[in-house]
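Down below is the structure, laid out as structure tokens.
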Amino acid sequence: MPAADDFPSARAVPTADESGHPLAMDLCAACGLAQLAEDDTHTAEPRGVEPLALRDQAAEAVQRVAASGWLGGRTVREFASPHGGSWVPLLVERGFTETDGPADVVIDSFGMMHEADQLQAFARRAAATAPNGVLLVQFHSLGAIVAHGQWTALRHGHFAYYSLTALRRLLEATGMSIATAWEFDLYGGTVLVAAVHAEITPDERVCAMLDAETELAEVDTVRRLQRDADRQARALRAWLERENARGHRVYAYGAASRAISLLHLAGVHRGLLSAVADASPAKQGRRMSGTDVPIIAPSELVAAQPDRVLLTLPDLLPEVSGLWPELEGRWVVDIPELS
């Protein structure tokens, strides 16, 4: 598959080498951690624009953590994520001071998965958490990925995919324990855990979540993602061909890294998909790797007056619907499959 964080210039001609990177998931039989099997890519990801859905969820998460009494102390430290955005301003508003040393509250929101050495990554975050502090780790749940067929979450640069069980074991290896957890609808299933430097019994919410994910330790359960990948790629190709045959002009919105593998696997080209719009200026003027589909500005999308706009990230629908009401009725979130 193409490197997920590679967005070549729109003027650069696609080559065979561009899509020659292995992309596979391993499941550890010992600890249950789902991991990127290998990654031979070396590209720099253009910074995306943090969507409203992420900003809203961050505010909700901080509110729920505070309401549960887990925002004690005065200092905060954050391990940044390539996905952009920061929770630090939300903590500063509550009187916290950012520090580079051990902190009372340490935050990692979607950052941990980008670390090739998982044990070392967890050890660094544990060391950054003050003795009586709390480590907040947010991740896209492996259970949600499997349940909803979200195989495009598997991408180069994402080295780990967590069940709560696997995350608990990684934290225990650093001397930390999960105290509680919160679930959110973001990405179809996002989990935020609070971990502390003590051997404690998790609350009922954590125990219920652990009980619900026993099947994720089975290879056959996770292997369903391959079937989902093949099925979704066939459905996308068939839908684009039907729309093209009807004379409809189809565009997409969201030059997300996870969309690259879907477009490539489906064999999408400009004859089927005219362009992908994205709000990030760093991506405009480039193209979706492994295809000849260009990335354009949202203003160009609106001016083109497309018949259909495929939304590559469903969580963006409320935001884009509000920004561009002239595209009402043209957004496509779920690709219809042939019966």
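Every chain in the structure tokens has a letter given in the order shown (A, B, ...), and although residue numbers restart at 1 in each chain, ligands are simply numbered from 1 in the order shown.
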All residues 9 Å or closer to stretch 178-186 of chain A, only C-alpha atoms, same chain fewer than 2 positions away omitted, as a ChimeraX atom specification: /A:53-54,57,61,64-65,140,167-168,171-172,176,188-196,199-206,209,315
Store the residues picked out above, limited to C-alpha atoms, as a PDB file, in the first residue's frame.
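What landed in part_16.pdb:
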ATOM      1  CA  ALA A  53     -15.254  16.914  16.265  1.00  0.00           C
ATOM      2  CA  LEU A  54     -11.867  16.460  17.953  1.00  0.00           C
ATOM      3  CA  GLN A  57     -14.552  15.790  22.220  1.00  0.00           C
ATOM      4  CA  ALA A  61     -13.330  14.652  27.939  1.00  0.00           C
ATOM      5  CA  ARG A  64     -15.902  14.480  32.418  1.00  0.00           C
ATOM      6  CA  VAL A  65     -12.477  13.860  33.945  1.00  0.00           C
ATOM      7  CA  HIS A 140      -9.231   4.516  19.250  1.00  0.00           C
ATOM      8  CA  LEU A 167      -3.294  -1.291  27.393  1.00  0.00           C
ATOM      9  CA  ARG A 168      -3.713  -2.443  30.983  1.00  0.00           C
ATOM     10  CA  LEU A 171       0.700   0.130  31.946  1.00  0.00           C
ATOM     11  CA  GLU A 172       1.279  -2.595  34.541  1.00  0.00           C
ATOM     12  CA  MET A 176       0.861   1.853  36.779  1.00  0.00           C
ATOM     13  CA  GLY A 188     -17.038   4.968  16.414  1.00  0.00           C
ATOM     14  CA  GLY A 189     -15.442   4.131  19.744  1.00  0.00           C
ATOM     15  CA  THR A 190     -12.784   6.095  21.628  1.00  0.00           C
ATOM     16  CA  VAL A 191     -11.627   5.283  25.152  1.00  0.00           C
ATOM     17  CA  LEU A 192      -9.915   7.537  27.699  1.00  0.00           C
ATOM     18  CA  VAL A 193      -8.271   5.885  30.715  1.00  0.00           C
ATOM     19  CA  ALA A 194      -6.931   7.318  33.954  1.00  0.00           C
ATOM     20  CA  ALA A 195      -3.866   5.466  35.297  1.00  0.00           C
ATOM     21  CA  VAL A 196      -1.988   5.960  38.567  1.00  0.00           C
ATOM     22  CA  GLU A 199      -1.633  -1.313  42.339  1.00  0.00           C
ATOM     23  CA  ILE A 200      -5.359  -0.736  42.579  1.00  0.00           C
ATOM     24  CA  THR A 201      -8.551  -2.487  41.550  1.00  0.00           C
ATOM     25  CA  PRO A 202     -10.230  -0.788  38.575  1.00  0.00           C
ATOM     26  CA  ASP A 203     -13.767   0.471  38.970  1.00  0.00           C
ATOM     27  CA  GLU A 204     -16.908  -1.241  37.667  1.00  0.00           C
ATOM     28  CA  ARG A 205     -16.811   0.660  34.393  1.00  0.00           C
ATOM     29  CA  VAL A 206     -13.352  -0.677  33.548  1.00  0.00           C
ATOM     30  CA  MET A 209     -15.255  -2.946  29.391  1.00  0.00           C
ATOM     31  CA  ASP A 315     -17.245  12.442  12.231  1.00  0.00           C
TER      32      ASP A 315
END
DSSP strand (DSSP E or B) residues within stretch 190-315 of chain A, listed as a tab-separated table (two decimals) with N, CA, C and O atoms, in the first residue's frame:
chain	number	residue	atom	x	y	z
A	190	THR	N	-14.03	5.59	21.05
A	190	THR	CA	-12.78	6.10	21.63
A	190	THR	C	-12.83	5.92	23.14
A	190	THR	O	-13.87	6.12	23.76
A	191	VAL	N	-11.71	5.53	23.71
A	191	VAL	CA	-11.63	5.28	25.15
A	191	VAL	C	-10.56	6.19	25.76
A	191	VAL	O	-9.49	6.38	25.19
A	192	LEU	N	-10.87	6.75	26.92
A	192	LEU	CA	-9.92	7.54	27.70
A	192	LEU	C	-9.76	6.86	29.05
A	192	LEU	O	-10.75	6.61	29.74
A	193	VAL	N	-8.51	6.53	29.42
A	193	VAL	CA	-8.27	5.89	30.72
A	193	VAL	C	-7.49	6.82	31.63
A	193	VAL	O	-6.72	7.67	31.18
A	194	ALA	N	-7.70	6.63	32.92
A	194	ALA	CA	-6.93	7.32	33.95
A	194	ALA	C	-6.11	6.27	34.68
A	194	ALA	O	-6.66	5.31	35.22
A	195	ALA	N	-4.77	6.43	34.67
A	195	ALA	CA	-3.87	5.47	35.30
A	195	ALA	C	-3.05	6.16	36.38
A	195	ALA	O	-2.71	7.34	36.26
A	196	VAL	N	-2.72	5.40	37.42
A	196	VAL	CA	-1.99	5.96	38.57
A	196	VAL	C	-0.83	5.04	38.95
A	196	VAL	O	-0.78	3.86	38.57
A	250	VAL	N	-18.36	13.10	-9.07
A	250	VAL	CA	-18.14	12.74	-7.67
A	250	VAL	C	-16.81	13.34	-7.19
A	250	VAL	O	-15.77	13.19	-7.84
A	251	TYR	N	-16.87	14.00	-6.05
A	251	TYR	CA	-15.68	14.50	-5.36
A	251	TYR	C	-15.66	13.84	-3.97
A	251	TYR	O	-16.59	13.12	-3.60
A	252	ALA	N	-14.62	14.11	-3.23
A	252	ALA	CA	-14.55	13.64	-1.84
A	252	ALA	C	-14.08	14.79	-0.97
A	252	ALA	O	-13.51	15.77	-1.45
A	253	TYR	N	-14.34	14.65	0.33
A	253	TYR	CA	-13.82	15.62	1.29
A	253	TYR	C	-13.07	14.87	2.37
A	253	TYR	O	-13.56	13.90	2.94
A	276	VAL	N	-10.16	15.40	-4.16
A	276	VAL	CA	-10.46	15.33	-2.73
A	276	VAL	C	-10.18	16.72	-2.15
A	276	VAL	O	-9.07	17.24	-2.30
A	277	ALA	N	-11.17	17.31	-1.51
A	277	ALA	CA	-10.98	18.61	-0.89
A	277	ALA	C	-10.51	18.43	0.55
A	277	ALA	O	-10.87	17.46	1.22
A	286	ARG	N	-1.39	18.89	-3.60
A	286	ARG	CA	-0.79	17.55	-3.61
A	286	ARG	C	-1.82	16.56	-4.15
A	286	ARG	O	-2.85	16.96	-4.67
A	287	ARG	N	-1.55	15.27	-4.02
A	287	ARG	CA	-2.52	14.27	-4.45
A	287	ARG	C	-2.51	13.11	-3.46
A	287	ARG	O	-1.62	12.98	-2.63
A	294	PRO	N	-6.17	14.54	-7.28
A	294	PRO	CA	-5.58	15.73	-6.64
A	294	PRO	C	-6.32	16.14	-5.38
A	294	PRO	O	-7.49	15.79	-5.18
A	295	ILE	N	-5.63	16.92	-4.54
A	295	ILE	CA	-6.21	17.48	-3.33
A	295	ILE	C	-6.41	18.98	-3.57
A	295	ILE	O	-5.48	19.68	-3.96
A	296	ILE	N	-7.62	19.44	-3.35
A	296	ILE	CA	-7.98	20.82	-3.64
A	296	ILE	C	-8.49	21.52	-2.38
A	296	ILE	O	-8.74	20.88	-1.35
A	308	ARG	N	-22.10	14.49	-6.04
A	308	ARG	CA	-21.91	13.70	-4.83
A	308	ARG	C	-20.58	14.10	-4.19
A	308	ARG	O	-19.59	14.36	-4.91
A	309	VAL	N	-20.54	14.11	-2.84
A	309	VAL	CA	-19.29	14.36	-2.12
A	309	VAL	C	-19.11	13.25	-1.09
A	309	VAL	O	-19.86	13.18	-0.11
A	310	LEU	N	-18.15	12.39	-1.33
A	310	LEU	CA	-17.86	11.30	-0.42
A	310	LEU	C	-17.09	11.85	0.78
A	310	LEU	O	-16.03	12.44	0.62
A	311	LEU	N	-17.63	11.66	1.98
A	311	LEU	CA	-16.98	12.14	3.19
A	311	LEU	C	-16.13	11.01	3.76
A	311	LEU	O	-16.66	9.99	4.21
Option closest in space to A:Leu119, from A:Thr174, A:Ser321, A:Ser274, A:Ser68 [counting only C-alpha atoms]: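 Looking only at the distances to A:Leu119, the closest residue turns out to be A:Thr174.
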Pick from A:Gly247, A:Gly85, A:Pro2, A:Gly111 nearest to A:Leu262, counting only C-alpha atoms: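 That would be A:Pro2, the residue with the smallest distance to A:Leu262.
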Go through stretch 274-320 of chain A and flag each residue having an atom no more than 8 Å from stretch 14-36 of chain A; for those, report the closest pair of atoms plus their distance in Å to one decimal, using only C-alpha atoms, ordered by chain and rising number, as a Markdown table.
| residue | atom | partner | partner_atom | distance |
| --- | --- | --- | --- | --- |
| A:Ser289 | CA | A:Glu18 | CA | 7.1 |
| A:Gly290 | CA | A:Ser19 | CA | 5.4 |
| A:Thr291 | CA | A:Pro14 | CA | 6.6 |
| A:Asp292 | CA | A:Pro14 | CA | 6.7 |
Residue contacts of A:Asn132 (10 Å, only C-alpha atoms) excluding same-chain residues fewer than 6 positions away, as a CSV table (one decimal) with C-alpha atoms, in the first residue's frame:
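Now in around_39.csv:
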chain,number,residue,atom,x,y,z
A,72,GLY,CA,-5.9,17.3,40.9
A,73,GLY,CA,-2.7,19.2,41.3
A,103,ALA,CA,3.4,16.6,36.2
A,104,ASP,CA,0.3,16.1,38.2
A,105,VAL,CA,-1.7,15.5,35.0
A,196,VAL,CA,-2.0,6.0,38.6
A,197,HIS,CA,1.3,4.8,40.2
A,198,ALA,CA,-0.3,2.2,42.5
Residue nearest A:Pro314 among A:Ala266, A:Ile335, A:Met1, A:Ala127 (counting only C-alpha atoms):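 Checking each candidate against A:Pro314, we get A:Ile335 as the closest.
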List every residue of stretch 139-180 of chain A that DSSP, applied to the backbone of this structure, assigns to alpha helix (DSSP H), and report them as a PDB file with all heavy atoms, in the first residue's frame.
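Saved the output as result.pdb:
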ATOM      1  N   LEU A 142      -9.594  -0.875  19.708  1.00  0.00           N
ATOM      2  CA  LEU A 142      -9.521  -1.996  18.770  1.00  0.00           C
ATOM      3  C   LEU A 142     -10.888  -2.653  18.628  1.00  0.00           C
ATOM      4  O   LEU A 142     -11.251  -3.117  17.537  1.00  0.00           O
ATOM      5  CB  LEU A 142      -8.486  -3.013  19.252  1.00  0.00           C
ATOM      6  CG  LEU A 142      -8.324  -4.269  18.382  1.00  0.00           C
ATOM      7  CD1 LEU A 142      -7.842  -3.912  16.985  1.00  0.00           C
ATOM      8  CD2 LEU A 142      -7.382  -5.275  19.043  1.00  0.00           C
ATOM      9  N   GLY A 143     -11.658  -2.681  19.708  1.00  0.00           N
ATOM     10  CA  GLY A 143     -12.995  -3.248  19.627  1.00  0.00           C
ATOM     11  C   GLY A 143     -13.865  -2.514  18.630  1.00  0.00           C
ATOM     12  O   GLY A 143     -14.602  -3.132  17.855  1.00  0.00           O
ATOM     13  N   ALA A 144     -13.778  -1.183  18.622  1.00  0.00           N
ATOM     14  CA  ALA A 144     -14.550  -0.391  17.661  1.00  0.00           C
ATOM     15  C   ALA A 144     -14.037  -0.604  16.245  1.00  0.00           C
ATOM     16  O   ALA A 144     -14.820  -0.701  15.291  1.00  0.00           O
ATOM     17  CB  ALA A 144     -14.474   1.087  18.031  1.00  0.00           C
ATOM     18  N   ILE A 145     -12.732  -0.688  16.097  1.00  0.00           N
ATOM     19  CA  ILE A 145     -12.134  -0.897  14.781  1.00  0.00           C
ATOM     20  C   ILE A 145     -12.642  -2.192  14.160  1.00  0.00           C
ATOM     21  O   ILE A 145     -13.033  -2.235  12.989  1.00  0.00           O
ATOM     22  CB  ILE A 145     -10.595  -0.904  14.892  1.00  0.00           C
ATOM     23  CG1 ILE A 145     -10.082   0.493  15.244  1.00  0.00           C
ATOM     24  CG2 ILE A 145      -9.949  -1.396  13.597  1.00  0.00           C
ATOM     25  CD1 ILE A 145      -8.598   0.543  15.576  1.00  0.00           C
ATOM     26  N   VAL A 146     -12.667  -3.256  14.957  1.00  0.00           N
ATOM     27  CA  VAL A 146     -13.116  -4.559  14.463  1.00  0.00           C
ATOM     28  C   VAL A 146     -14.622  -4.584  14.269  1.00  0.00           C
ATOM     29  O   VAL A 146     -15.127  -5.045  13.241  1.00  0.00           O
ATOM     30  CB  VAL A 146     -12.676  -5.675  15.423  1.00  0.00           C
ATOM     31  CG1 VAL A 146     -13.287  -7.015  15.015  1.00  0.00           C
ATOM     32  CG2 VAL A 146     -11.153  -5.790  15.456  1.00  0.00           C
ATOM     33  N   ALA A 147     -15.364  -4.062  15.238  1.00  0.00           N
ATOM     34  CA  ALA A 147     -16.828  -4.113  15.177  1.00  0.00           C
ATOM     35  C   ALA A 147     -17.381  -3.347  13.984  1.00  0.00           C
ATOM     36  O   ALA A 147     -18.363  -3.771  13.362  1.00  0.00           O
ATOM     37  CB  ALA A 147     -17.429  -3.570  16.475  1.00  0.00           C
ATOM     38  N   LEU A 164      -8.523  -2.544  25.756  1.00  0.00           N
ATOM     39  CA  LEU A 164      -8.273  -2.095  27.128  1.00  0.00           C
ATOM     40  C   LEU A 164      -7.404  -3.120  27.863  1.00  0.00           C
ATOM     41  O   LEU A 164      -6.562  -2.757  28.690  1.00  0.00           O
ATOM     42  CB  LEU A 164      -9.599  -1.887  27.855  1.00  0.00           C
ATOM     43  CG  LEU A 164      -9.516  -1.174  29.210  1.00  0.00           C
ATOM     44  CD1 LEU A 164      -8.928   0.215  29.047  1.00  0.00           C
ATOM     45  CD2 LEU A 164     -10.902  -1.090  29.854  1.00  0.00           C
ATOM     46  N   THR A 165      -7.586  -4.394  27.513  1.00  0.00           N
ATOM     47  CA  THR A 165      -6.792  -5.458  28.130  1.00  0.00           C
ATOM     48  C   THR A 165      -5.306  -5.289  27.826  1.00  0.00           C
ATOM     49  O   THR A 165      -4.456  -5.368  28.728  1.00  0.00           O
ATOM     50  CB  THR A 165      -7.264  -6.830  27.627  1.00  0.00           C
ATOM     51  OG1 THR A 165      -8.648  -7.000  27.931  1.00  0.00           O
ATOM     52  CG2 THR A 165      -6.464  -7.954  28.269  1.00  0.00           C
ATOM     53  N   ALA A 166      -4.979  -5.046  26.567  1.00  0.00           N
ATOM     54  CA  ALA A 166      -3.578  -4.875  26.178  1.00  0.00           C
ATOM     55  C   ALA A 166      -2.993  -3.619  26.798  1.00  0.00           C
ATOM     56  O   ALA A 166      -1.846  -3.607  27.266  1.00  0.00           O
ATOM     57  CB  ALA A 166      -3.462  -4.831  24.664  1.00  0.00           C
ATOM     58  N   LEU A 167      -3.776  -2.545  26.810  1.00  0.00           N
ATOM     59  CA  LEU A 167      -3.294  -1.291  27.393  1.00  0.00           C
ATOM     60  C   LEU A 167      -3.026  -1.468  28.893  1.00  0.00           C
ATOM     61  O   LEU A 167      -2.030  -0.955  29.418  1.00  0.00           O
ATOM     62  CB  LEU A 167      -4.334  -0.189  27.180  1.00  0.00           C
ATOM     63  CG  LEU A 167      -3.871   1.216  27.568  1.00  0.00           C
ATOM     64  CD1 LEU A 167      -2.999   1.802  26.468  1.00  0.00           C
ATOM     65  CD2 LEU A 167      -5.059   2.132  27.831  1.00  0.00           C
ATOM     66  N   ARG A 168      -3.892  -2.201  29.550  1.00  0.00           N
ATOM     67  CA  ARG A 168      -3.713  -2.443  30.983  1.00  0.00           C
ATOM     68  C   ARG A 168      -2.394  -3.157  31.250  1.00  0.00           C
ATOM     69  O   ARG A 168      -1.659  -2.807  32.182  1.00  0.00           O
ATOM     70  CB  ARG A 168      -4.890  -3.271  31.491  1.00  0.00           C
ATOM     71  CG  ARG A 168      -4.887  -3.536  32.985  1.00  0.00           C
ATOM     72  CD  ARG A 168      -6.019  -4.490  33.335  1.00  0.00           C
ATOM     73  NE  ARG A 168      -6.178  -4.641  34.773  1.00  0.00           N
ATOM     74  CZ  ARG A 168      -7.017  -5.512  35.338  1.00  0.00           C
ATOM     75  NH1 ARG A 168      -7.760  -6.299  34.564  1.00  0.00           N
ATOM     76  NH2 ARG A 168      -7.103  -5.600  36.649  1.00  0.00           N
ATOM     77  N   ARG A 169      -2.056  -4.140  30.421  1.00  0.00           N
ATOM     78  CA  ARG A 169      -0.814  -4.884  30.608  1.00  0.00           C
ATOM     79  C   ARG A 169       0.409  -4.007  30.354  1.00  0.00           C
ATOM     80  O   ARG A 169       1.426  -4.117  31.042  1.00  0.00           O
ATOM     81  CB  ARG A 169      -0.809  -6.105  29.694  1.00  0.00           C
ATOM     82  CG  ARG A 169      -1.785  -7.195  30.123  1.00  0.00           C
ATOM     83  CD  ARG A 169      -1.936  -8.264  29.069  1.00  0.00           C
ATOM     84  NE  ARG A 169      -2.821  -9.340  29.551  1.00  0.00           N
ATOM     85  CZ  ARG A 169      -3.418 -10.207  28.766  1.00  0.00           C
ATOM     86  NH1 ARG A 169      -3.244 -10.139  27.445  1.00  0.00           N
ATOM     87  NH2 ARG A 169      -4.179 -11.150  29.271  1.00  0.00           N
ATOM     88  N   LEU A 170       0.323  -3.144  29.359  1.00  0.00           N
ATOM     89  CA  LEU A 170       1.436  -2.241  29.079  1.00  0.00           C
ATOM     90  C   LEU A 170       1.656  -1.274  30.246  1.00  0.00           C
ATOM     91  O   LEU A 170       2.799  -0.979  30.611  1.00  0.00           O
ATOM     92  CB  LEU A 170       1.166  -1.470  27.786  1.00  0.00           C
ATOM     93  CG  LEU A 170       1.377  -2.250  26.489  1.00  0.00           C
ATOM     94  CD1 LEU A 170       0.680  -1.561  25.325  1.00  0.00           C
ATOM     95  CD2 LEU A 170       2.853  -2.418  26.187  1.00  0.00           C
ATOM     96  N   LEU A 171       0.583  -0.775  30.807  1.00  0.00           N
ATOM     97  CA  LEU A 171       0.700   0.130  31.946  1.00  0.00           C
ATOM     98  C   LEU A 171       1.246  -0.595  33.172  1.00  0.00           C
ATOM     99  O   LEU A 171       2.079  -0.057  33.907  1.00  0.00           O
ATOM    100  CB  LEU A 171      -0.661   0.754  32.262  1.00  0.00           C
ATOM    101  CG  LEU A 171      -1.127   1.850  31.296  1.00  0.00           C
ATOM    102  CD1 LEU A 171      -2.602   2.143  31.491  1.00  0.00           C
ATOM    103  CD2 LEU A 171      -0.292   3.112  31.473  1.00  0.00           C
ATOM    104  N   GLU A 172       0.794  -1.828  33.388  1.00  0.00           N
ATOM    105  CA  GLU A 172       1.279  -2.595  34.541  1.00  0.00           C
ATOM    106  C   GLU A 172       2.776  -2.861  34.443  1.00  0.00           C
ATOM    107  O   GLU A 172       3.468  -2.933  35.454  1.00  0.00           O
ATOM    108  CB  GLU A 172       0.504  -3.907  34.652  1.00  0.00           C
ATOM    109  CG  GLU A 172      -0.928  -3.714  35.142  1.00  0.00           C
ATOM    110  CD  GLU A 172      -1.725  -5.001  35.143  1.00  0.00           C
ATOM    111  OE1 GLU A 172      -1.258  -6.006  34.524  1.00  0.00           O
ATOM    112  OE2 GLU A 172      -2.822  -5.019  35.739  1.00  0.00           O
TER     113      GLU A 172
END
Interatomic distance, atom CA of A:Gly69 to atom CA of A:Trp87 (Å, one decimal): 17.3 Å
